[in-house]
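Shown below: protein.txt, with compact mmCIF, C-alpha atoms.
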```
# COMPACT_ATOMS: atom_id res chain seq x y z
CA MET K 987 13.65 -19.59 1.05
CA ARG K 988 16.41 -17.42 2.45
CA PRO K 989 15.19 -13.87 2.88
CA ILE K 990 17.41 -10.90 2.14
CA LEU K 991 17.36 -8.57 5.15
CA MET K 992 17.35 -4.92 4.14
CA LYS K 993 18.25 -2.59 6.97
CA GLY K 994 18.10 1.07 6.16
CA HIS K 995 15.23 2.42 8.19
CA GLU K 996 15.49 3.40 11.82
CA ARG K 997 11.77 3.32 12.47
CA PRO K 998 8.83 1.04 11.59
CA LEU K 999 8.02 0.49 7.91
CA THR K 1000 4.76 1.89 6.59
CA PHE K 1001 4.63 1.08 2.88
CA LEU K 1002 6.37 -0.85 0.09
CA LYS K 1003 6.04 -0.38 -3.66
CA TYR K 1004 7.73 -2.01 -6.66
CA ASN K 1005 8.10 -0.15 -9.93
CA ARG K 1006 6.42 -1.60 -13.03
CA GLU K 1007 9.45 -3.57 -14.21
CA GLY K 1008 9.97 -4.98 -10.74
CA ASP K 1009 13.68 -4.08 -10.59
CA LEU K 1010 13.31 -1.34 -7.95
CA LEU K 1011 11.63 -1.45 -4.55
CA PHE K 1012 10.61 1.75 -2.77
CA SER K 1013 10.09 1.69 0.98
CA CYS K 1014 8.49 4.26 3.29
CA ALA K 1015 8.89 4.40 7.05
CA LYS K 1016 8.29 6.62 10.04
CA ASP K 1017 11.88 7.88 9.83
CA HIS K 1018 11.19 10.64 7.22
CA ASN K 1019 13.39 9.11 4.47
CA PRO K 1020 11.79 7.02 1.71
CA THR K 1021 14.39 4.62 0.31
CA VAL K 1022 14.93 2.84 -3.01
CA TRP K 1023 16.54 -0.61 -3.26
CA PHE K 1024 17.55 -3.01 -6.01
CA ALA K 1025 14.80 -5.60 -5.94
CA ASP K 1026 16.97 -8.56 -6.92
CA ASN K 1027 19.73 -8.37 -4.29
CA GLY K 1028 18.39 -5.86 -1.76
CA GLU K 1029 21.18 -3.36 -2.29
CA ARG K 1030 20.28 0.16 -1.20
CA LEU K 1031 20.43 2.65 -4.07
CA GLY K 1032 19.55 5.80 -2.20
CA THR K 1033 17.20 7.81 -0.03
CA TYR K 1034 14.83 10.69 -0.70
CA ARG K 1035 15.55 13.39 1.86
CA GLY K 1036 13.23 16.32 2.40
CA HIS K 1037 10.26 15.20 4.48
CA ASN K 1038 9.93 16.30 8.05
CA GLY K 1039 7.62 13.60 9.41
CA ALA K 1040 6.66 9.96 9.01
CA VAL K 1041 6.12 8.97 5.37
CA TRP K 1042 2.92 6.94 5.03
CA SER K 1043 2.89 5.88 1.39
CA CYS K 1044 4.44 6.33 -2.02
CA ASP K 1045 3.87 5.54 -5.67
CA VAL K 1046 6.18 5.47 -8.66
CA SER K 1047 5.31 6.48 -12.21
CA ARG K 1048 5.01 3.90 -14.98
CA ASP K 1049 8.37 4.89 -16.49
CA SER K 1050 10.09 4.98 -13.05
CA THR K 1051 11.15 8.62 -13.45
CA ARG K 1052 9.10 10.20 -10.69
CA LEU K 1053 8.05 9.27 -7.20
CA ILE K 1054 5.21 10.69 -5.11
CA THR K 1055 5.22 10.43 -1.31
CA GLY K 1056 2.67 11.37 1.35
CA SER K 1057 3.85 12.39 4.81
CA ALA K 1058 2.68 13.38 8.28
CA ASP K 1059 4.46 16.73 7.77
CA GLN K 1060 1.29 17.84 5.90
CA THR K 1061 2.87 17.59 2.44
CA ALA K 1062 3.01 15.27 -0.51
CA LYS K 1063 6.18 15.54 -2.57
CA LEU K 1064 7.10 14.73 -6.15
CA TRP K 1065 10.67 13.47 -6.61
CA ASP K 1066 13.04 12.77 -9.45
CA VAL K 1067 13.65 9.04 -8.92
CA GLN K 1068 17.15 9.09 -10.39
CA THR K 1069 18.63 12.11 -8.60
CA GLY K 1070 16.60 11.94 -5.38
CA THR K 1071 15.70 15.61 -5.48
CA PRO K 1072 12.16 16.77 -4.64
CA TYR K 1073 10.91 18.98 -7.46
CA PHE K 1074 7.44 19.87 -6.15
CA THR K 1075 5.63 19.96 -2.81
CA PHE K 1076 1.85 19.84 -2.36
CA ASN K 1077 0.99 21.58 0.92
CA PHE K 1078 -2.09 20.66 2.94
CA ASP K 1079 -3.62 21.68 6.25
CA SER K 1080 -3.46 18.17 7.68
CA PRO K 1081 -1.20 15.08 7.43
CA THR K 1082 -1.27 13.26 4.08
CA ARG K 1083 -1.82 9.53 4.22
CA SER K 1084 -2.23 7.81 0.86
CA VAL K 1085 -0.88 8.66 -2.60
CA ASP K 1086 -1.57 6.91 -5.91
CA PHE K 1087 -0.74 7.80 -9.53
CA ALA K 1088 -3.44 7.30 -12.14
CA VAL K 1089 -2.88 5.19 -15.23
CA GLY K 1090 -0.90 7.49 -17.53
CA ASP K 1091 0.58 9.42 -14.57
CA LYS K 1092 -1.32 12.59 -15.43
CA LEU K 1093 -3.30 12.58 -12.18
CA ALA K 1094 -2.66 11.59 -8.59
CA VAL K 1095 -5.05 10.94 -5.74
CA ILE K 1096 -3.90 12.09 -2.29
CA THR K 1097 -5.78 11.60 0.98
CA THR K 1098 -5.47 13.86 4.03
CA ASP K 1099 -6.25 12.94 7.64
CA PRO K 1100 -8.79 14.56 9.94
CA PHE K 1101 -6.88 17.20 11.90
CA MET K 1102 -7.74 20.07 14.25
CA GLY K 1103 -11.42 20.01 13.34
CA LEU K 1104 -10.83 19.47 9.60
CA PRO K 1105 -12.48 16.36 8.15
CA SER K 1106 -10.55 13.82 6.11
CA ALA K 1107 -10.49 14.47 2.35
CA ILE K 1108 -9.49 12.93 -0.97
CA HIS K 1109 -7.68 15.33 -3.30
CA ILE K 1110 -7.22 14.74 -7.02
CA LYS K 1111 -4.21 16.61 -8.42
CA GLN K 1112 -3.01 17.16 -11.97
CA ILE K 1113 0.56 15.92 -12.54
CA ALA K 1114 2.33 17.94 -15.24
CA ARG K 1115 4.60 16.20 -17.73
CA ASP K 1116 7.15 18.99 -17.40
CA PRO K 1117 8.17 19.51 -13.74
CA ASP K 1118 8.36 23.28 -14.32
CA ASP K 1119 4.65 23.39 -15.16
CA GLN K 1120 3.56 21.64 -11.97
CA THR K 1121 0.94 23.44 -9.86
CA GLY K 1122 -0.66 22.65 -6.51
CA GLU K 1123 -4.33 23.16 -7.39
CA SER K 1124 -6.76 20.32 -6.79
CA VAL K 1125 -8.90 19.20 -9.72
CA LEU K 1126 -11.42 17.80 -7.25
CA ILE K 1127 -11.76 17.39 -3.48
CA LEU K 1128 -13.98 14.61 -2.11
CA LYS K 1129 -15.30 14.73 1.45
CA GLY K 1130 -17.74 12.60 3.39
CA PRO K 1131 -16.10 9.66 5.13
CA THR K 1132 -15.63 10.05 8.87
CA GLY K 1133 -12.30 9.14 10.43
CA ARG K 1134 -9.06 8.60 8.61
CA ILE K 1135 -9.03 7.40 5.01
CA ASN K 1136 -6.19 4.89 5.08
CA ARG K 1137 -6.06 4.22 1.36
CA ALA K 1138 -7.47 5.65 -1.86
CA VAL K 1139 -6.59 4.21 -5.28
CA TRP K 1140 -7.74 4.65 -8.87
CA GLY K 1141 -10.31 2.32 -10.38
CA PRO K 1142 -10.26 0.97 -13.96
CA LEU K 1143 -9.51 3.58 -16.66
CA ASN K 1144 -9.24 6.29 -13.95
CA LYS K 1145 -13.03 6.63 -14.02
CA THR K 1146 -13.38 5.99 -10.31
CA VAL K 1147 -11.52 6.32 -7.03
CA VAL K 1148 -11.80 3.55 -4.43
CA SER K 1149 -11.35 4.61 -0.80
CA ALA K 1150 -11.32 2.75 2.52
CA GLY K 1151 -10.43 3.64 6.06
CA GLU K 1152 -11.26 3.83 9.74
CA ASP K 1153 -15.05 3.84 9.33
CA SER K 1154 -14.73 0.29 7.83
CA VAL K 1155 -16.65 1.21 4.66
CA VAL K 1156 -15.28 0.82 1.12
CA ARG K 1157 -16.49 3.58 -1.19
CA ILE K 1158 -16.30 4.07 -4.94
CA TRP K 1159 -16.39 7.67 -6.21
CA ASP K 1160 -16.76 9.13 -9.69
CA SER K 1161 -13.39 10.78 -10.33
CA GLU K 1162 -14.85 13.48 -12.60
CA THR K 1163 -17.96 14.60 -10.73
CA GLY K 1164 -16.98 13.58 -7.20
CA GLU K 1165 -20.25 11.73 -6.79
CA LEU K 1166 -20.36 8.75 -4.40
CA LEU K 1167 -21.33 5.84 -6.66
CA VAL K 1168 -21.50 2.91 -4.27
CA GLU K 1169 -20.40 1.94 -0.79
CA SER K 1170 -19.89 -1.47 0.78
CA ASP K 1171 -22.78 -3.19 2.46
CA LYS K 1172 -22.87 -3.18 6.27
CA GLU K 1173 -23.58 -6.93 6.29
CA ASP K 1174 -20.85 -7.95 3.83
CA GLY K 1175 -18.31 -5.33 4.83
CA HIS K 1176 -15.58 -5.16 7.44
CA LYS K 1177 -16.55 -4.72 11.06
CA ARG K 1178 -13.53 -2.65 12.11
CA ALA K 1179 -11.11 -0.15 10.55
CA ILE K 1180 -9.69 -1.04 7.13
CA THR K 1181 -5.91 -0.75 7.25
CA SER K 1182 -4.87 -1.63 3.72
CA LEU K 1183 -6.09 -1.96 0.16
CA SER K 1184 -4.35 -3.61 -2.78
CA LYS K 1185 -5.49 -3.87 -6.40
CA SER K 1186 -5.05 -6.83 -8.72
CA ALA K 1187 -2.66 -6.38 -11.65
CA ASP K 1188 -5.56 -5.62 -14.03
CA SER K 1189 -7.58 -3.52 -11.50
CA SER K 1190 -10.59 -5.83 -11.93
CA HIS K 1191 -10.68 -6.69 -8.22
CA PHE K 1192 -9.04 -5.53 -5.03
CA LEU K 1193 -8.25 -6.80 -1.56
CA THR K 1194 -8.84 -5.01 1.75
CA GLY K 1195 -7.36 -5.90 5.12
CA SER K 1196 -8.90 -4.92 8.42
CA LEU K 1197 -8.42 -4.91 12.18
CA ASP K 1198 -11.44 -7.25 12.35
CA LYS K 1199 -8.93 -10.07 11.59
CA SER K 1200 -10.04 -10.65 8.03
CA ALA K 1201 -9.29 -9.66 4.45
CA LYS K 1202 -11.93 -9.35 1.75
CA LEU K 1203 -11.77 -9.53 -2.04
CA TRP K 1204 -14.07 -7.15 -3.94
CA ASP K 1205 -15.13 -6.56 -7.55
CA THR K 1206 -13.87 -3.07 -8.51
CA ARG K 1207 -16.81 -2.15 -10.74
CA THR K 1208 -19.77 -3.34 -8.70
CA LEU K 1209 -18.24 -3.55 -5.21
CA THR K 1210 -19.57 -7.10 -4.90
CA LEU K 1211 -17.89 -9.10 -2.15
CA ILE K 1212 -16.15 -12.08 -3.77
CA LYS K 1213 -14.16 -13.77 -0.99
CA THR K 1214 -13.30 -13.43 2.69
CA TYR K 1215 -10.08 -14.70 4.28
CA VAL K 1216 -10.25 -15.14 8.04
CA THR K 1217 -7.14 -15.06 10.22
CA GLU K 1218 -6.34 -14.94 13.97
CA ARG K 1219 -4.80 -11.50 14.17
CA PRO K 1220 -5.48 -7.98 12.96
CA VAL K 1221 -4.47 -7.50 9.30
CA ASN K 1222 -2.20 -4.50 8.62
CA ALA K 1223 -1.11 -5.29 5.07
CA VAL K 1224 -2.41 -7.23 2.07
CA THR K 1225 -1.14 -8.06 -1.38
CA MET K 1226 -1.91 -10.58 -4.09
CA SER K 1227 0.23 -12.54 -6.50
CA PRO K 1228 0.07 -11.37 -10.14
CA LEU K 1229 1.04 -14.91 -11.19
CA LEU K 1230 -0.77 -17.47 -9.01
CA ASP K 1231 -4.06 -17.47 -7.14
CA HIS K 1232 -2.45 -16.46 -3.87
CA VAL K 1233 -3.20 -13.62 -1.48
CA VAL K 1234 -0.81 -12.65 1.32
CA LEU K 1235 -1.89 -11.13 4.62
CA GLY K 1236 0.44 -9.58 7.16
CA GLY K 1237 -0.31 -8.20 10.57
CA GLY K 1238 -0.05 -8.69 14.25
CA GLN K 1239 -1.05 -6.71 17.28
CA ASP K 1240 -0.82 -2.97 17.32
CA ALA K 1241 2.56 -1.67 18.49
CA SER K 1242 1.09 -0.77 21.88
CA ALA K 1243 -0.16 -4.33 22.46
CA VAL K 1244 2.98 -6.08 21.28
CA THR K 1245 4.11 -6.99 24.79
CA THR K 1246 1.13 -9.33 25.03
CA THR K 1247 2.29 -11.48 22.11
CA ASP K 1248 4.96 -14.13 21.77
CA HIS K 1249 8.32 -12.34 21.77
CA ARG K 1250 10.47 -15.22 20.62
CA ALA K 1251 12.27 -15.43 17.27
CA GLY K 1252 10.23 -13.69 14.63
CA LYS K 1253 6.76 -15.07 15.22
CA PHE K 1254 5.09 -12.50 13.06
CA GLU K 1255 4.36 -14.15 9.74
CA ALA K 1256 3.04 -13.31 6.31
CA LYS K 1257 0.25 -15.80 5.70
CA PHE K 1258 -0.48 -17.11 2.22
CA TYR K 1259 -4.08 -18.01 1.32
CA HIS K 1260 -5.51 -19.57 -1.81
CA LYS K 1261 -7.44 -16.78 -3.51
CA ILE K 1262 -10.29 -18.99 -4.70
CA LEU K 1263 -10.53 -21.67 -2.02
CA GLN K 1264 -9.89 -19.22 0.85
CA GLU K 1265 -7.68 -21.81 2.55
CA GLU K 1266 -4.38 -21.05 4.22
CA ILE K 1267 -1.46 -22.46 2.18
CA GLY K 1268 1.45 -21.50 4.37
CA GLY K 1269 3.32 -18.71 6.09
CA VAL K 1270 6.65 -16.92 6.05
CA LYS K 1271 7.98 -16.06 9.49
CA GLY K 1272 10.80 -13.77 10.45
CA HIS K 1273 9.73 -10.32 11.59
CA PHE K 1274 10.16 -9.31 15.22
CA GLY K 1275 7.09 -7.10 15.18
CA PRO K 1276 3.82 -6.74 13.27
CA ILE K 1277 4.04 -6.62 9.47
CA ASN K 1278 2.95 -3.17 8.28
CA ALA K 1279 3.67 -3.44 4.55
CA LEU K 1280 3.62 -6.13 1.87
CA ALA K 1281 4.31 -5.98 -1.85
CA PHE K 1282 4.53 -8.58 -4.61
CA ASN K 1283 7.04 -8.18 -7.40
CA PRO K 1284 5.10 -7.66 -10.68
CA ASP K 1285 6.68 -10.87 -12.04
CA GLY K 1286 5.19 -12.87 -9.15
CA LYS K 1287 8.53 -14.52 -8.36
CA SER K 1288 9.36 -12.62 -5.18
CA PHE K 1289 7.70 -10.57 -2.49
CA SER K 1290 8.82 -8.24 0.27
CA SER K 1291 7.51 -7.43 3.72
CA GLY K 1292 8.17 -4.46 5.99
CA GLY K 1293 7.73 -4.62 9.73
CA GLU K 1294 7.40 -2.63 12.91
CA ASP K 1295 10.98 -3.84 13.55
CA GLY K 1296 12.39 -1.50 10.87
CA TYR K 1297 13.49 -4.30 8.51
CA VAL K 1298 12.45 -5.02 4.96
CA ARG K 1299 12.63 -8.73 4.20
CA LEU K 1300 12.91 -9.65 0.54
CA HIS K 1301 11.90 -13.22 -0.36
CA HIS K 1302 12.69 -14.86 -3.69
CA PHE K 1303 10.51 -17.94 -4.02
CA ASP K 1304 11.98 -21.42 -4.31
CA PRO K 1305 11.03 -23.38 -7.45
CA ASP K 1306 8.69 -25.64 -5.44
CA TYR K 1307 6.51 -22.64 -4.52
CA PHE K 1308 5.28 -22.52 -8.11
CA SER K 1309 4.07 -26.11 -7.98
CA ILE K 1310 2.15 -26.01 -4.69
CA LYS K 1311 -0.83 -28.29 -5.04
CA ILE K 1312 -3.80 -27.61 -2.82
```
Output the file's structure as structure tokens, nothing else.
Amino acid sequence: MRPILMKGHERPLTFLKYNREGDLLFSCAKDHNPTVWFADNGERLGTYRGHNGAVWSCDVSRDSTRLITGSADQTAKLWDVQTGTPYFTFNFDSPTRSVDFAVGDKLAVITTDPFMGLPSAIHIKQIARDPDDQTGESVLILKGPTGRINRAVWGPLNKTVVSAGEDSVVRIWDSETGELLVESDKEDGHKRAITSLSKSADSSHFLTGSLDKSAKLWDTRTLTLIKTYVTERPVNAVTMSPLLDHVVLGGGQDASAVTTTDHRAGKFEAKFYHKILQEEIGGVKGHFGPINALAFNPDGKSFSSGGEDGYVRLHHFDPDYFSIKI
């Protein structure tokens, strides 16, 4: 597998997202400029200029017309995907971390970090069909978790919001009333901060990655722990194949501890595990720093990884990948 190296960011990658058709890849980094690329050949289409801080995450609407980004500059912005112009800015009193469009793109969930005495919060915003009608009011604000909420996503049919973060607890909230429905068990759950959360294609289950050197697969409705994948290093990013029973974990030491790891040619790898058997299948090496972002193309035939080294590596699978026998 020869990766396509996509160099466009000057700072570490934070997030990767494919659109629904899988022909565009959006990347966020600490360099203020989210970027869109052709997902087949890695050609850069353009950047979204307007943020004034690190951009932590993004999401793209079902029809690929609008993009939402969350940034450390205390805003979340809505963009016209085609022209690259921001058409609305949500202002907050603390840095925004995670953004996620609901099914139907009429709502978005945005998380904000604890900051200057303010607790972390999950905001649900209405997204207007006509950009001119867009307002900044929150439909609902959820508070409760301590520490940063690293990721919040919509559950099935937008009835719930699933959140996870630094306090190592996964929580499921009612998206209409704001009530906390269920939280992960202390015994089953992660032991350290949860860094990443990725849903399956049908939202029936989701995967969390944690600094406790493991990833866990959960049932979205009941929050039952299904599987645990154990690895040797902290997990910063997780994704799962929409096609085969594979989960991919990426990670490595925190940037500050990188000098203690092997510095030779790209030792930081994305590890593939069998979703059911929990066994490691293989790995893809290449990054010169921890992997911070992973995304699978919706067709399951390629995946991309973003690292602390500022590169996005796009991997189209060889035919023999699809016939791996375990």
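Atom pair atom CA of K:Pro1117 / atom CA of K:Ser1043 has a distance of 21.0 Å (rounded to one decimal).
Summary of the local environment: counting all atoms listed in the file, residues at most 8 Å from K:Arg1207, other than itself and those fewer than 5 positions away along its chain, are Gly1141, Pro1142 and Ser1190 of chain K.
Among K:Glu1218, K:Glu1294, K:Asp1285, K:Asp1118, the residue with the shortest atom-to-atom distance to K:Lys1257, counting only C-alpha atoms, is K:Glu1218.
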>> Can you tell me which residues surround K:Ser1149 at a distance of at most 9 Å, considering only C-alpha atoms, apart from same-chain residues fewer than 2 positions away, and format the answer as a ChimeraX atom specification?
In response: /K:1108,1135-1140,1147,1151,1155-1159,1183
> Leaving out K:Cys1044 and any residue of its chain fewer than 2 positions from it, which residues lie within 12 Å of it when counting only C-alpha atoms, given as a PyMOL selection string?
Replying inline: chain K and resi 1000-1005+1011-1015+1019-1022+1034+1040-1042+1046-1047+1052-1057+1062-1065+1067+1082-1087+1094-1097+1137-1139+1279
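Between atom CA of K:Leu991 and atom CA of K:Asp1045 the interatomic distance comes to 22.3 Å.
You can rank K:Gly1039, K:His1260, K:Leu1031, K:Asp1160 by their closest distance to K:Lys1016 using only C-alpha atoms, and at the top of that list sits K:Gly1039.
Each of K:Lys1177, K:Lys1129, K:Lys1172, K:Lys1202 was checked against K:Glu1152 using all atoms listed in the file; the smallest atom-to-atom distance is that of K:Lys1177.
Reported to one decimal place, the separation of atom CA of K:Ser1196 from atom CA of K:Arg1134 is 13.5 Å.
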>> Residues within 8 Å of K:Ile990, please, as an MDAnalysis selection string. Count all atoms listed in the file; anything in the same chain fewer than 4 positions from it doesn't count.
In response: chainID K and resid 1027:1028 1299:1301
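Ranking K:Gly1070, K:Gly1122, K:Gly1236, K:Pro1131 by their shortest atom-to-atom distance to K:Thr1098, with only C-alpha atoms included, puts K:Pro1131 first.
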> Any idea what's packed within 12 Å of K:Lys1271, counting all atoms listed in the file, ignoring anything in its chain fewer than 2 positions away? Could you give it as a list of chain:residue names?
Replying inline: K:Met987, K:Arg988, K:Pro989, K:Gly1236, K:Gly1237, K:Gly1238, K:Arg1250, K:Ala1251, K:Gly1252, K:Lys1253, K:Phe1254, K:Glu1255, K:Ala1256, K:Lys1257, K:Phe1258, K:Gly1268, K:Gly1269, K:His1273, K:Phe1274, K:Gly1275, K:Pro1276, K:Ile1277, K:Ser1291, K:Gly1293, K:Arg1299, K:His1301
> Counting all atoms listed in the file, which of K:Leu1010, K:Ile1212, K:Leu1235, K:Val1168 gets nearest to K:Thr1051?
Replying inline: K:Leu1010
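Nearest to K:Ser1050 of all the residues K:Lys1311, K:Arg1115, K:Arg1006, K:Lys1213 is K:Arg1006, counting all atoms listed in the file.
A search radius of 6 Å centred on (11.2, -1.6, 13.7), applied to only C-alpha atoms, returns the residues Arg997, Pro998, Glu1294, Asp1295 and Gly1296 of chain K.
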Dump of stretch 1133-1142 of chain K from preceding block, all heavy atoms, as a CSV table (one decimal), in the first residue's frame:
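result-v3.csv, freshly written:
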```
chain,number,residue,atom,x,y,z
K,1133,GLY,N,-14.2,18.4,33.8
K,1133,GLY,CA,-13.1,18.3,32.9
K,1133,GLY,C,-13.6,18.5,31.5
K,1133,GLY,O,-14.8,18.7,31.2
K,1134,ARG,N,-12.7,18.4,30.5
K,1134,ARG,CA,-13.0,18.7,29.1
K,1134,ARG,C,-13.9,17.6,28.6
K,1134,ARG,O,-13.7,16.4,28.8
K,1134,ARG,CB,-11.7,18.7,28.4
K,1134,ARG,CG,-11.8,19.7,27.2
K,1134,ARG,CD,-10.4,20.0,26.7
K,1134,ARG,NE,-9.7,18.8,26.2
K,1134,ARG,CZ,-8.4,18.7,26.2
K,1134,ARG,NH1,-7.6,19.6,26.6
K,1134,ARG,NH2,-7.8,17.6,25.7
K,1135,ILE,N,-14.9,17.9,27.7
K,1135,ILE,CA,-15.6,16.9,27.0
K,1135,ILE,C,-15.0,16.8,25.6
K,1135,ILE,O,-15.1,17.8,24.8
K,1135,ILE,CB,-17.1,17.3,26.9
K,1135,ILE,CG1,-17.7,17.5,28.2
K,1135,ILE,CG2,-17.9,16.3,26.1
K,1135,ILE,CD1,-19.0,18.3,28.2
K,1136,ASN,N,-14.3,15.8,25.3
K,1136,ASN,CA,-13.5,15.7,24.1
K,1136,ASN,C,-14.3,15.4,22.9
K,1136,ASN,O,-14.0,15.8,21.8
K,1136,ASN,CB,-12.4,14.7,24.2
K,1136,ASN,CG,-11.2,15.2,25.0
K,1136,ASN,OD1,-10.9,16.4,25.0
K,1136,ASN,ND2,-10.6,14.3,25.8
K,1137,ARG,N,-15.5,14.8,23.1
K,1137,ARG,CA,-16.3,14.4,21.9
K,1137,ARG,C,-17.8,14.3,22.3
K,1137,ARG,O,-18.1,13.7,23.4
K,1137,ARG,CB,-15.8,13.1,21.3
K,1137,ARG,CG,-16.3,12.9,19.9
K,1137,ARG,CD,-15.5,13.5,18.8
K,1137,ARG,NE,-16.1,13.3,17.5
K,1137,ARG,CZ,-16.7,14.3,16.8
K,1137,ARG,NH1,-16.8,15.5,17.3
K,1137,ARG,NH2,-17.2,14.1,15.6
K,1138,ALA,N,-18.7,14.9,21.6
K,1138,ALA,CA,-20.1,14.6,21.8
K,1138,ALA,C,-20.7,14.4,20.4
K,1138,ALA,O,-20.5,15.2,19.5
K,1138,ALA,CB,-20.8,15.8,22.5
K,1139,VAL,N,-21.5,13.3,20.2
K,1139,VAL,CA,-22.1,13.0,18.9
K,1139,VAL,C,-23.6,12.6,19.2
K,1139,VAL,O,-24.0,12.3,20.3
K,1139,VAL,CB,-21.4,11.8,18.2
K,1139,VAL,CG1,-19.9,12.2,17.9
K,1139,VAL,CG2,-21.5,10.6,19.1
K,1140,TRP,N,-24.3,12.7,18.1
K,1140,TRP,CA,-25.8,12.3,18.1
K,1140,TRP,C,-25.9,10.8,18.2
K,1140,TRP,O,-25.2,10.1,17.5
K,1140,TRP,CB,-26.5,12.9,16.9
K,1140,TRP,CG,-26.5,14.4,16.9
K,1140,TRP,CD1,-25.6,15.3,16.4
K,1140,TRP,CD2,-27.5,15.2,17.6
K,1140,TRP,NE1,-26.0,16.6,16.6
K,1140,TRP,CE2,-27.1,16.6,17.4
K,1140,TRP,CE3,-28.6,14.9,18.4
K,1140,TRP,CZ2,-27.9,17.6,17.9
K,1140,TRP,CZ3,-29.4,16.0,18.9
K,1140,TRP,CH2,-29.0,17.3,18.6
K,1141,GLY,N,-26.9,10.4,18.9
K,1141,GLY,CA,-27.3,9.0,18.9
K,1141,GLY,C,-28.3,8.7,17.9
K,1141,GLY,O,-28.7,9.6,17.1
K,1142,PRO,N,-28.9,7.4,17.8
K,1142,PRO,CA,-29.8,7.1,16.8
K,1142,PRO,C,-31.0,8.0,16.7
K,1142,PRO,O,-31.6,8.4,17.8
K,1142,PRO,CB,-30.2,5.7,17.1
K,1142,PRO,CG,-29.1,5.2,18.0
K,1142,PRO,CD,-28.6,6.3,18.7
```
